[in-house]
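Visitor: Following this line is coords_3.cif, made up of mmCIF, C-alpha atoms:
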```cif
data_protein
loop_
_atom_site.label_atom_id
_atom_site.label_comp_id
_atom_site.auth_asym_id
_atom_site.auth_seq_id
_atom_site.Cartn_x
_atom_site.Cartn_y
_atom_site.Cartn_z
CA GLY A 1 0.00 0.00 0.00
CA VAL A 2 0.93 3.64 -0.33
CA ASN A 3 2.73 5.05 2.69
CA SER A 4 1.95 8.74 2.93
CA MET A 5 1.48 11.94 0.99
CA ILE A 6 4.29 14.12 -0.35
CA THR A 7 3.26 17.60 -1.49
CA TYR A 8 5.44 19.75 -3.75
CA PHE A 9 4.70 23.36 -4.53
CA SER A 10 5.02 23.94 -8.23
CA GLU A 11 4.44 26.72 -10.74
CA ASN A 12 4.06 24.07 -13.42
CA PRO A 13 3.01 20.71 -12.00
CA GLU A 14 3.06 18.93 -15.34
CA ASN A 15 6.69 19.78 -16.08
CA ASP A 16 7.85 18.99 -12.55
CA LEU A 17 6.01 15.69 -12.57
CA TRP A 18 7.79 14.62 -15.75
CA ARG A 19 11.12 15.81 -14.37
CA GLU A 20 10.63 13.37 -11.48
CA ILE A 21 9.73 10.51 -13.84
CA LEU A 22 12.62 11.23 -16.20
CA GLN A 23 15.09 10.69 -13.36
CA TYR A 24 14.57 7.03 -14.18
CA THR A 25 16.01 7.45 -17.66
CA TYR A 26 19.49 7.63 -16.09
CA GLU A 27 21.37 4.39 -15.56
CA ALA A 28 22.66 5.40 -12.13
CA ASN A 29 19.15 6.12 -10.85
CA ILE A 30 17.71 2.90 -12.28
CA LYS A 31 20.49 0.91 -10.61
CA ARG A 32 19.98 2.74 -7.32
CA TYR A 33 16.24 2.00 -7.46
CA SER A 34 16.84 -1.69 -8.18
CA LYS A 35 19.39 -1.99 -5.40
CA LYS A 36 17.01 -0.37 -2.92
CA HIS A 37 14.35 -2.92 -3.90
CA GLU A 38 16.87 -5.76 -3.82
CA LYS A 39 16.66 -6.62 -7.50
CA GLU A 40 19.43 -7.48 -9.96
CA ILE A 41 19.00 -5.57 -13.22
CA ASP A 42 20.77 -6.12 -16.57
CA GLU A 43 21.86 -3.64 -19.26
CA ASP A 44 19.03 -4.58 -21.64
CA THR A 45 16.42 -3.86 -19.01
CA ILE A 46 18.04 -0.54 -18.12
CA ALA A 47 18.08 0.51 -21.79
CA CYS A 48 14.49 -0.63 -22.16
CA ILE A 49 13.26 1.38 -19.14
CA ALA A 50 15.10 4.54 -20.23
CA GLY A 51 13.91 4.23 -23.83
CA SER A 52 10.30 3.59 -22.81
CA LEU A 53 10.12 6.58 -20.47
CA LEU A 54 11.78 8.94 -22.97
CA GLN A 55 9.37 7.86 -25.70
CA ALA A 56 6.46 8.31 -23.31
CA TYR A 57 7.56 11.86 -22.57
CA GLU A 58 7.77 12.78 -26.27
CA TYR A 59 4.33 11.34 -26.98
CA TYR A 60 2.82 13.21 -24.03
CA LYS A 61 4.47 16.47 -25.11
CA SER A 62 3.10 16.04 -28.64
CA ALA A 63 -0.35 15.14 -27.28
CA LYS A 64 -0.50 18.41 -25.40
CA GLU A 65 -0.07 20.34 -28.67
CA ALA A 66 -2.19 18.07 -30.87
CA ASN A 67 -5.90 18.45 -31.46
CA LEU A 68 -8.63 15.90 -30.91
CA GLN A 69 -8.13 14.21 -34.30
CA ILE A 70 -4.99 12.44 -33.02
CA ALA A 71 -4.55 13.33 -29.34
CA PRO A 72 -6.01 9.99 -28.07
CA LEU A 73 -3.58 8.03 -30.23
CA LEU A 74 -0.58 9.94 -28.88
CA LEU A 75 -1.76 9.60 -25.29
CA TYR A 76 -2.38 5.87 -25.70
CA TYR A 77 1.10 5.29 -27.19
CA GLY A 78 2.60 7.54 -24.52
CA SER A 79 0.78 5.77 -21.69
CA THR A 80 1.70 2.37 -23.08
CA ASN A 81 5.39 3.30 -23.04
CA LEU A 82 5.08 4.94 -19.63
CA LEU A 83 3.34 1.95 -18.03
CA TYR A 84 5.72 -0.48 -19.75
CA GLY A 85 8.75 1.44 -18.42
CA MET A 86 7.17 1.50 -14.96
CA ALA A 87 6.40 -2.24 -15.06
CA ASN A 88 9.99 -3.10 -16.01
CA LEU A 89 11.44 -0.76 -13.40
CA ILE A 90 9.29 -2.16 -10.60
CA LYS A 91 9.86 -5.78 -11.64
CA GLY A 92 13.55 -5.30 -12.41
CA GLU A 93 13.23 -7.23 -15.67
CA ILE A 94 11.62 -6.91 -19.10
CA ASN A 95 7.96 -7.94 -19.06
CA HIS A 96 7.00 -9.98 -22.11
CA ILE A 97 4.12 -8.29 -23.97
CA GLU A 98 2.81 -9.55 -27.30
CA ASN A 99 -0.20 -7.33 -28.01
CA HIS A 100 -2.53 -4.71 -26.53
CA GLY A 101 -4.62 -7.35 -24.75
CA MET A 102 -7.83 -5.72 -26.00
CA LYS A 103 -9.71 -5.04 -29.20
CA ILE A 104 -12.60 -2.75 -30.15
CA PHE A 105 -15.73 -3.49 -32.17
CA ILE A 106 -18.18 -1.04 -33.69
CA PRO A 107 -21.77 -1.86 -32.64
CA ASP A 108 -24.65 -1.75 -35.15
CA GLU A 109 -26.34 1.03 -33.21
CA MET A 110 -23.87 3.76 -32.37
CA GLU A 111 -25.32 6.95 -30.97
CA PHE A 112 -22.24 7.88 -28.97
CA ILE A 113 -18.50 7.27 -29.22
CA ALA A 114 -18.90 5.67 -25.77
CA ASP A 115 -21.04 2.90 -27.32
CA THR A 116 -17.86 1.36 -28.83
CA ASP A 117 -17.42 -2.26 -27.64
CA VAL A 118 -14.22 -3.44 -25.95
CA ARG A 119 -13.18 -7.07 -25.66
CA PHE A 120 -10.22 -8.31 -23.61
CA LEU A 121 -7.83 -10.97 -24.97
CA SER A 122 -4.60 -12.81 -24.16
CA HIS A 123 -4.51 -12.83 -20.37
CA GLU A 124 -0.87 -13.93 -20.22
CA THR A 125 0.87 -11.56 -22.65
CA GLY A 126 -1.67 -8.82 -23.40
CA GLY A 127 -0.32 -5.39 -22.42
CA VAL A 128 -3.33 -4.38 -20.34
CA HIS A 129 -3.12 -7.58 -18.26
CA VAL A 130 0.65 -7.37 -17.74
CA ILE A 131 0.26 -3.79 -16.52
CA ALA A 132 -2.78 -4.64 -14.37
CA ARG A 133 -0.79 -7.36 -12.56
CA ILE A 134 2.00 -4.90 -11.76
CA LEU A 135 -0.71 -2.66 -10.24
CA GLY A 136 -1.73 -5.61 -8.05
CA PHE A 137 -4.94 -6.22 -10.04
CA ASN A 138 -5.02 -9.93 -10.81
CA ASP A 139 -8.50 -10.60 -12.20
CA ASP A 140 -8.50 -12.13 -15.68
CA LEU A 141 -10.41 -9.48 -17.63
CA THR A 142 -11.10 -11.93 -20.46
CA GLY A 143 -13.59 -13.70 -18.15
CA PHE A 144 -15.99 -10.74 -17.90
CA GLY A 145 -17.46 -10.70 -21.40
CA ASP A 146 -17.75 -7.61 -23.60
CA TRP A 147 -17.69 -4.08 -22.27
CA LYS A 148 -18.80 -0.72 -23.66
CA THR A 149 -16.35 2.17 -23.58
CA ARG A 150 -18.83 3.97 -21.31
CA ASP A 151 -18.31 1.20 -18.71
CA PHE A 152 -14.86 2.72 -18.14
CA LEU A 153 -15.87 6.37 -18.50
CA ASP A 154 -18.61 5.91 -15.89
CA SER A 155 -16.02 4.99 -13.26
CA ILE A 156 -13.77 8.06 -13.58
CA ALA A 157 -14.57 10.54 -10.79
CA GLU A 158 -13.12 13.59 -12.54
CA ILE A 159 -15.75 13.50 -15.30
CA SER A 160 -18.73 12.09 -13.38
CA ARG A 161 -20.77 15.29 -13.59
CA GLU A 162 -20.23 15.58 -17.37
CA TYR A 163 -21.03 11.87 -17.73
CA ASN A 164 -24.45 12.28 -16.13
CA THR A 165 -25.20 15.34 -18.26
CA CYS A 166 -24.08 13.80 -21.55
CA TYR A 167 -25.45 10.24 -21.36
CA GLU A 168 -28.89 10.81 -19.86
CA LYS A 169 -29.92 7.16 -20.09
CA TYR A 170 -26.89 6.05 -18.08
CA ASN A 171 -25.44 7.04 -14.75
CA SER A 172 -21.92 7.50 -13.52
CA ARG A 173 -20.79 4.96 -10.94
CA ILE A 174 -19.18 7.67 -8.86
CA ALA A 175 -20.62 9.24 -5.71
CA MET A 176 -18.72 12.40 -4.80
CA LEU A 177 -18.55 12.93 -1.02
CA GLU A 178 -19.02 16.27 0.76
CA VAL A 179 -17.11 15.89 4.02
CA ILE A 180 -18.19 17.70 7.18
CA ASN A 181 -16.28 17.51 10.44
CA THR A 182 -18.63 17.61 13.42
CA PRO A 183 -18.00 17.25 17.16
CA GLU A 184 -19.35 13.68 16.83
CA GLY A 185 -16.83 12.83 14.13
CA LYS A 186 -16.71 12.89 10.33
CA VAL A 187 -19.94 12.97 8.36
CA GLU A 188 -20.14 12.50 4.60
CA LYS A 189 -22.94 13.75 2.35
CA VAL A 190 -23.94 12.48 -1.08
CA TYR A 191 -26.22 14.86 -3.01
CA PHE A 192 -28.80 13.54 -5.46
CA ASN A 193 -31.78 14.74 -7.52
CA GLU A 194 -35.13 13.43 -6.28
CA GLU A 195 -35.70 11.44 -9.50
CA ASN A 196 -32.31 9.71 -9.00
CA ARG A 197 -32.95 8.72 -5.42
CA GLN A 198 -33.30 4.98 -6.14
CA LEU A 199 -30.27 5.03 -8.44
CA THR A 200 -28.09 6.80 -5.90
CA GLN A 201 -29.04 4.36 -3.16
CA GLN A 202 -28.32 1.45 -5.52
CA LEU A 203 -25.00 2.99 -6.50
CA LEU A 204 -23.95 3.18 -2.84
CA GLU A 205 -25.01 -0.42 -2.22
CA ASN A 206 -22.83 -1.49 -5.17
CA VAL A 207 -19.68 0.01 -3.67
CA THR A 208 -17.52 -2.92 -2.56
CA GLY A 209 -17.35 -2.98 1.26
CA PHE A 210 -20.02 -0.29 1.70
CA SER A 211 -22.17 -2.12 4.25
CA LYS A 212 -19.09 -3.11 6.27
CA SER A 213 -17.85 0.47 6.39
CA TYR A 214 -21.01 2.58 6.70
CA LEU A 215 -24.27 2.64 8.61
CA HIS A 216 -27.45 2.73 6.52
CA PRO A 217 -27.66 6.05 4.55
CA VAL A 218 -30.05 8.61 6.07
CA ASP A 219 -32.12 11.07 4.00
CA SER A 220 -31.85 14.79 4.56
CA HIS A 221 -32.30 18.22 2.94
CA ASP A 222 -30.26 21.40 3.19
CA LEU A 223 -31.66 24.93 3.53
CA SER A 224 -32.02 25.30 -0.25
CA ASN A 225 -34.01 22.06 -0.22
CA ASN A 226 -31.35 19.99 -1.99
CA ALA A 227 -31.64 16.30 -1.14
CA PHE A 228 -28.71 14.26 0.12
CA PHE A 229 -27.85 11.08 1.99
CA ILE A 230 -25.90 11.33 5.22
CA LEU A 231 -23.22 8.65 5.52
CA ARG A 232 -21.72 7.80 8.89
CA HIS A 233 -19.00 5.24 9.42
CA LYS A 234 -19.64 2.20 11.60
CA LEU A 235 -17.57 2.09 14.75
CA ASN A 236 -14.74 0.10 13.16
CA GLY A 237 -15.74 0.79 9.57
CA LYS A 238 -12.62 1.55 7.58
CA ASP A 239 -12.40 4.42 5.11
CA ILE A 240 -13.13 2.98 1.66
CA SER A 241 -13.24 6.32 -0.18
CA GLU A 242 -10.69 7.34 -2.81
CA ILE A 243 -9.34 10.82 -3.52
CA SER A 244 -10.10 12.55 -6.82
CA TYR A 245 -7.77 14.94 -8.65
CA SER A 246 -9.38 17.96 -6.99
CA GLY A 247 -8.77 16.42 -3.55
CA GLN A 248 -12.47 15.63 -3.02
CA PRO A 249 -13.13 12.05 -1.86
CA PHE A 250 -15.51 9.72 -3.71
CA LEU A 251 -16.93 6.20 -3.72
CA ARG A 252 -16.83 4.03 -6.84
CA ALA A 253 -19.54 1.41 -7.47
CA SER A 254 -18.65 -1.95 -8.98
CA HIS A 255 -19.77 -3.36 -12.34
CA THR A 256 -21.52 -6.69 -12.69
CA LYS A 257 -20.26 -8.59 -15.73
CA ASN A 258 -21.01 -12.24 -16.48
CA SER A 259 -22.68 -12.24 -13.02
CA LYS A 260 -19.36 -11.38 -11.33
CA THR A 261 -18.64 -8.03 -9.67
CA ILE A 262 -15.56 -6.08 -10.65
CA THR A 263 -14.19 -2.62 -9.80
CA LEU A 264 -11.34 -1.26 -11.91
CA PRO A 265 -8.93 1.37 -10.54
CA THR A 266 -8.84 4.81 -12.19
CA ILE A 267 -5.62 4.16 -14.09
CA LEU A 268 -7.08 1.09 -15.84
CA ASN A 269 -10.35 2.87 -16.63
CA MET A 270 -8.30 5.67 -18.21
CA TYR A 271 -5.87 3.40 -20.05
CA ILE A 272 -8.60 1.21 -21.55
CA THR A 273 -10.64 4.28 -22.59
CA LEU A 274 -7.54 5.70 -24.28
CA PHE A 275 -7.11 2.44 -26.17
CA SER A 276 -10.70 2.56 -27.37
CA LEU A 277 -10.46 6.20 -28.52
CA ALA A 278 -7.03 5.64 -30.09
CA SER A 279 -8.32 2.63 -32.03
CA LEU A 280 -11.27 4.68 -33.27
CA CYS A 281 -9.11 7.51 -34.55
CA ARG A 282 -6.58 5.11 -36.06
CA TYR A 283 -8.81 2.50 -37.69
CA TYR A 284 -12.24 4.13 -37.95
CA PRO A 285 -11.63 7.73 -39.11
CA GLU A 286 -15.08 7.65 -40.72
CA LYS A 287 -16.53 7.48 -37.20
CA TRP A 288 -13.98 9.62 -35.38
CA SER A 289 -13.45 12.55 -37.74
CA PRO A 290 -17.11 13.62 -38.07
CA PHE A 291 -17.42 13.34 -34.29
CA VAL A 292 -14.46 15.68 -33.78
CA LEU A 293 -15.62 18.17 -36.41
CA LYS A 294 -19.36 18.31 -35.80
CA ASP A 295 -20.45 16.53 -32.64
CA THR A 296 -23.94 17.70 -31.68
CA THR A 297 -24.38 15.70 -28.47
CA GLY A 298 -21.87 17.44 -26.21
CA GLU A 299 -19.90 14.21 -25.89
CA ARG A 300 -16.90 15.95 -27.42
CA LEU A 301 -16.55 18.18 -24.34
CA LEU A 302 -16.58 15.13 -22.10
CA ILE A 303 -13.90 13.41 -24.21
CA GLU A 304 -11.70 16.53 -24.20
CA LYS A 305 -12.02 16.82 -20.45
CA PHE A 306 -11.23 13.12 -20.08
CA LEU A 307 -8.08 13.51 -22.21
CA PHE A 308 -6.92 16.45 -20.10
CA PHE A 309 -7.29 14.45 -16.87
CA ALA A 310 -5.63 11.38 -18.42
CA ARG A 311 -2.67 13.50 -19.48
CA ARG A 312 -2.31 14.98 -16.02
CA MET A 313 -3.16 11.97 -13.88
CA ILE A 314 -1.65 8.88 -15.52
CA PRO A 315 1.95 10.13 -15.07
CA ASN A 316 1.15 11.11 -11.48
CA ILE A 317 -0.31 7.68 -10.68
CA VAL A 318 2.76 6.07 -12.29
CA LEU A 319 5.08 8.20 -10.14
CA ASN A 320 3.07 7.26 -7.03
CA LEU A 321 3.53 3.58 -7.88
CA ILE A 322 7.25 3.93 -8.54
CA VAL A 323 8.03 5.76 -5.30
CA ASN A 324 5.26 3.98 -3.34
CA ASN A 325 3.93 7.30 -2.07
CA TYR A 326 1.09 9.65 -2.88
CA VAL A 327 2.81 12.57 -4.65
CA GLN A 328 0.87 15.77 -5.12
CA TYR A 329 1.79 19.03 -6.85
CA THR A 330 -0.12 22.11 -5.81
CA SER A 331 -0.35 25.43 -7.57
CA LYS A 332 -3.12 27.98 -7.42
CA LYS A 333 -2.02 29.55 -10.68
CA TYR A 334 -1.99 26.52 -12.94
CA GLU A 335 -4.41 26.64 -15.88
CA PRO A 336 -4.72 24.06 -18.65
CA THR A 337 -3.73 25.37 -22.07
CA ASP A 338 -6.03 24.69 -24.97
CA THR A 339 -4.20 24.52 -28.25
CA VAL A 340 -5.66 23.51 -31.55
CA LYS A 341 -3.19 22.40 -34.17
CA LEU A 342 -3.82 20.02 -37.01
CA VAL A 343 -0.90 17.68 -37.47
CA GLY A 344 -0.97 14.41 -39.34
CA GLU A 345 -0.28 11.26 -37.35
CA HIS A 346 2.82 10.47 -39.40
CA GLN A 347 4.28 13.94 -38.93
CA VAL A 348 3.90 13.55 -35.20
CA GLN A 349 5.44 10.09 -35.15
CA GLU A 350 8.31 11.58 -37.17
CA MET A 351 8.78 14.44 -34.68
CA VAL A 352 8.77 11.96 -31.83
CA ARG A 353 11.26 9.72 -33.60
CA LYS A 354 13.71 12.53 -34.39
CA GLU A 355 13.61 13.88 -30.88
CA ILE A 356 14.32 10.50 -29.32
CA ASN A 357 17.03 9.45 -31.74
CA SER A 358 18.92 12.60 -30.92
CA ARG A 359 18.79 11.67 -27.24
CA MET A 360 19.67 8.01 -27.29
CA GLU A 361 21.52 5.50 -29.41
CA LYS A 362 19.48 3.35 -31.77
CA GLU A 363 20.26 0.31 -29.65
CA ALA A 364 18.27 1.46 -26.63
CA ILE A 365 15.32 2.25 -28.86
CA ARG A 366 15.44 -1.22 -30.38
CA GLN A 367 15.21 -2.69 -26.88
CA SER A 368 12.15 -0.70 -25.92
CA ASN A 369 10.42 -1.37 -29.21
CA ARG A 370 10.40 -5.07 -28.47
CA MET A 371 7.14 -4.47 -26.72
CA PHE A 372 5.36 -3.52 -29.92
CA ASN A 373 6.52 -6.61 -31.83
CA GLY A 374 3.46 -8.65 -32.57
CA GLY A 375 1.27 -5.80 -31.24
CA GLY A 376 -1.42 -4.12 -33.29
CA ALA A 377 0.28 -0.72 -33.18
CA LYS A 378 2.99 -0.18 -35.74
#
```
I need this file expressed as structure tokens, please.
Guide:
Amino acid sequence: GVNSMITYFSENPENDLWREILQYTYEANIKRYSKKHEKEIDEDTIACIAGSLLQAYEYYKSAKEANLQIAPLLLYYGSTNLLYGMANLIKGEINHIENHGMKIFIPDEMEFIADTDVRFLSHETGGVHVIARILGFNDDLTGFGDWKTRDFLDSIAEISREYNTCYEKYNSRIAMLEVINTPEGKVEKVYFNEENRQLTQQLLENVTGFSKSYLHPVDSHDLSNNAFFILRHKLNGKDISEISYSGQPFLRASHTKNSKTITLPTILNMYITLFSLASLCRYYPEKWSPFVLKDTTGERLLIEKFLFFARRMIPNIVLNLIVNNYVQYTSKKYEPTDTVKLVGEHQVQEMVRKEINSRMEKEAIRQSNRMFNGGGAK
């Protein structure tokens, strides 16, 4: 488990976060890390880790400047390299990955991008499974049947409000908690609209460990007549909430798939969503391009917001896992930049390639590209 929280003040959290990660592109630091964790590490693995993290950084930098036509593709490639580098660093050896471990399908009825189907494959050597195991998530995802892309989007706290607005027929699986400290201890509130009362209660009941941790939710209203549930912890009920990017805690309800319950952590929900969006823009431009240019549903705003949080949070979660601590950068002044530039996918891959080759010998790159051999992404 994670030990404690480290907070850094930063004028530019994104840059400082990457500076921390890129420490592990230096041989001396990789060796020091391995020694500390009592692992022997060979030259190939060191080159592979450094190459993967440097590639990840270039993809992420390009993604920040790219527009929605190709941003998901860059973030997926970047995250794949980042998570692969992390996995090899933590394990102290090269993880064998043969493919993405997932595949998308276009359904007959497709009202939203989020209707895209996702199927999991190759439990042993699929990238998503290899990475999940490093995260301590051992369920075989291939045993849960087919998923919709919205089954991952609905479990990301940072976009839960947008999710409920955009997909009216469906509901986010996130309950944001308003925390109030009272003389009798901590009280948590979950707001809901009267028509969603049943749904909200059901959502809470589907949070793994809810009934062990909390007493039965109690109804209440505030002065403006907004309805909410009051949640109080049982005497020895442990805190099962998670912390969102804004610092606000939340509860995440499980999914039921093939009559089994499953709750994926944020990083997997984000990574799998990126794969789905990246596959759409790479292989189904006839679906993706019109969506980017003339979406009328408002889903585009949700996807853009998702991509922003993925870009900011995935590297932070990776750093937390590497240093086994909760690292947080705070800055009151930080604002996301919105840039719109049209760049072809090949141009971007070329930029990325040039930048990396100037930093490292070809050999190290060859090592880190092993991962894509046999994968769908070329």
Visitor: Which is closer to Tyr59 in chain A than all the others in A:Ile46, A:Pro290, A:Leu73, A:Asp115, using only C-alpha atoms?
Guide: A:Leu73
Visitor: Nearest to Ile21 in chain A: which of A:Val128, A:Leu89, A:Glu242, A:Asp44 is it, counting all atoms listed in the file?
Guide: A:Leu89
Visitor: Could you tell me which residues the PyMOL selection byres ((chain A and resi 256-268) around 7) grabs in this file, written as a list in words?
Guide: Phe144, Gly145, Ile156, Ser254, His255, Asn269, Met270, Tyr271, Ile272 and Ile314 of chain A
Visitor: When you count all atoms listed in the file, which of these residues is closest to Glu20 in chain A: A:Lys294, A:His96, A:Pro249, A:Tyr8?
Guide: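 Selected residue with least distance to Glu20 in chain A: A:Tyr8.
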Visitor: If the PyMOL selection byres ((chain A and resi 326) around 8) is run on the structure shown, which residues does it catch, given as an MDAnalysis selection string?
Guide: chainID A and resid 2:6 320 324:325 327:328
Visitor: Create the file for the chosen residues now, containing C-alpha atoms and written as a PDB file, in the coordinates of the input.
Guide:
```
ATOM      1  CA  VAL A   2       0.930   3.640  -0.330  1.00  0.00           C
ATOM      2  CA  ASN A   3       2.730   5.050   2.690  1.00  0.00           C
ATOM      3  CA  SER A   4       1.950   8.740   2.930  1.00  0.00           C
ATOM      4  CA  MET A   5       1.480  11.940   0.990  1.00  0.00           C
ATOM      5  CA  ILE A   6       4.290  14.120  -0.350  1.00  0.00           C
ATOM      6  CA  ASN A 320       3.070   7.260  -7.030  1.00  0.00           C
ATOM      7  CA  ASN A 324       5.260   3.980  -3.340  1.00  0.00           C
ATOM      8  CA  ASN A 325       3.930   7.300  -2.070  1.00  0.00           C
ATOM      9  CA  VAL A 327       2.810  12.570  -4.650  1.00  0.00           C
ATOM     10  CA  GLN A 328       0.870  15.770  -5.120  1.00  0.00           C
TER      11      GLN A 328
END
```
Visitor: List, as a tab-separated table (two decimals) with C-alpha atoms, in the coordinates of the input, every residue that the PyMOL selection byres ((chain A and resi 300-308) around 10) selects in the file provided.
Guide:
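After the write, part-v7.tsv holds the following:
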```tsv
chain	number	residue	atom	x	y	z
A	63	ALA	CA	-0.35	15.14	-27.28
A	64	LYS	CA	-0.50	18.41	-25.40
A	67	ASN	CA	-5.90	18.45	-31.46
A	68	LEU	CA	-8.63	15.90	-30.91
A	71	ALA	CA	-4.55	13.33	-29.34
A	72	PRO	CA	-6.01	9.99	-28.07
A	75	LEU	CA	-1.76	9.60	-25.29
A	112	PHE	CA	-22.24	7.88	-28.97
A	113	ILE	CA	-18.50	7.27	-29.22
A	114	ALA	CA	-18.90	5.67	-25.77
A	153	LEU	CA	-15.87	6.37	-18.50
A	156	ILE	CA	-13.77	8.06	-13.58
A	158	GLU	CA	-13.12	13.59	-12.54
A	159	ILE	CA	-15.75	13.50	-15.30
A	160	SER	CA	-18.73	12.09	-13.38
A	161	ARG	CA	-20.77	15.29	-13.59
A	162	GLU	CA	-20.23	15.58	-17.37
A	163	TYR	CA	-21.03	11.87	-17.73
A	165	THR	CA	-25.20	15.34	-18.26
A	166	CYS	CA	-24.08	13.80	-21.55
A	270	MET	CA	-8.30	5.67	-18.21
A	273	THR	CA	-10.64	4.28	-22.59
A	274	LEU	CA	-7.54	5.70	-24.28
A	277	LEU	CA	-10.46	6.20	-28.52
A	291	PHE	CA	-17.42	13.34	-34.29
A	292	VAL	CA	-14.46	15.68	-33.78
A	293	LEU	CA	-15.62	18.17	-36.41
A	294	LYS	CA	-19.36	18.31	-35.80
A	295	ASP	CA	-20.45	16.53	-32.64
A	296	THR	CA	-23.94	17.70	-31.68
A	297	THR	CA	-24.38	15.70	-28.47
A	298	GLY	CA	-21.87	17.44	-26.21
A	299	GLU	CA	-19.90	14.21	-25.89
A	309	PHE	CA	-7.29	14.45	-16.87
A	310	ALA	CA	-5.63	11.38	-18.42
A	311	ARG	CA	-2.67	13.50	-19.48
A	312	ARG	CA	-2.31	14.98	-16.02
A	313	MET	CA	-3.16	11.97	-13.88
A	336	PRO	CA	-4.72	24.06	-18.65
A	337	THR	CA	-3.73	25.37	-22.07
A	338	ASP	CA	-6.03	24.69	-24.97
```
Visitor: Which value, in Å to one decimal, gives the distance between CA of Asp117 in chain A and CA of Asn171 in chain A?
Guide: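 Pair CA of Asp117 in chain A / CA of Asn171 in chain A returns 17.8 Å.
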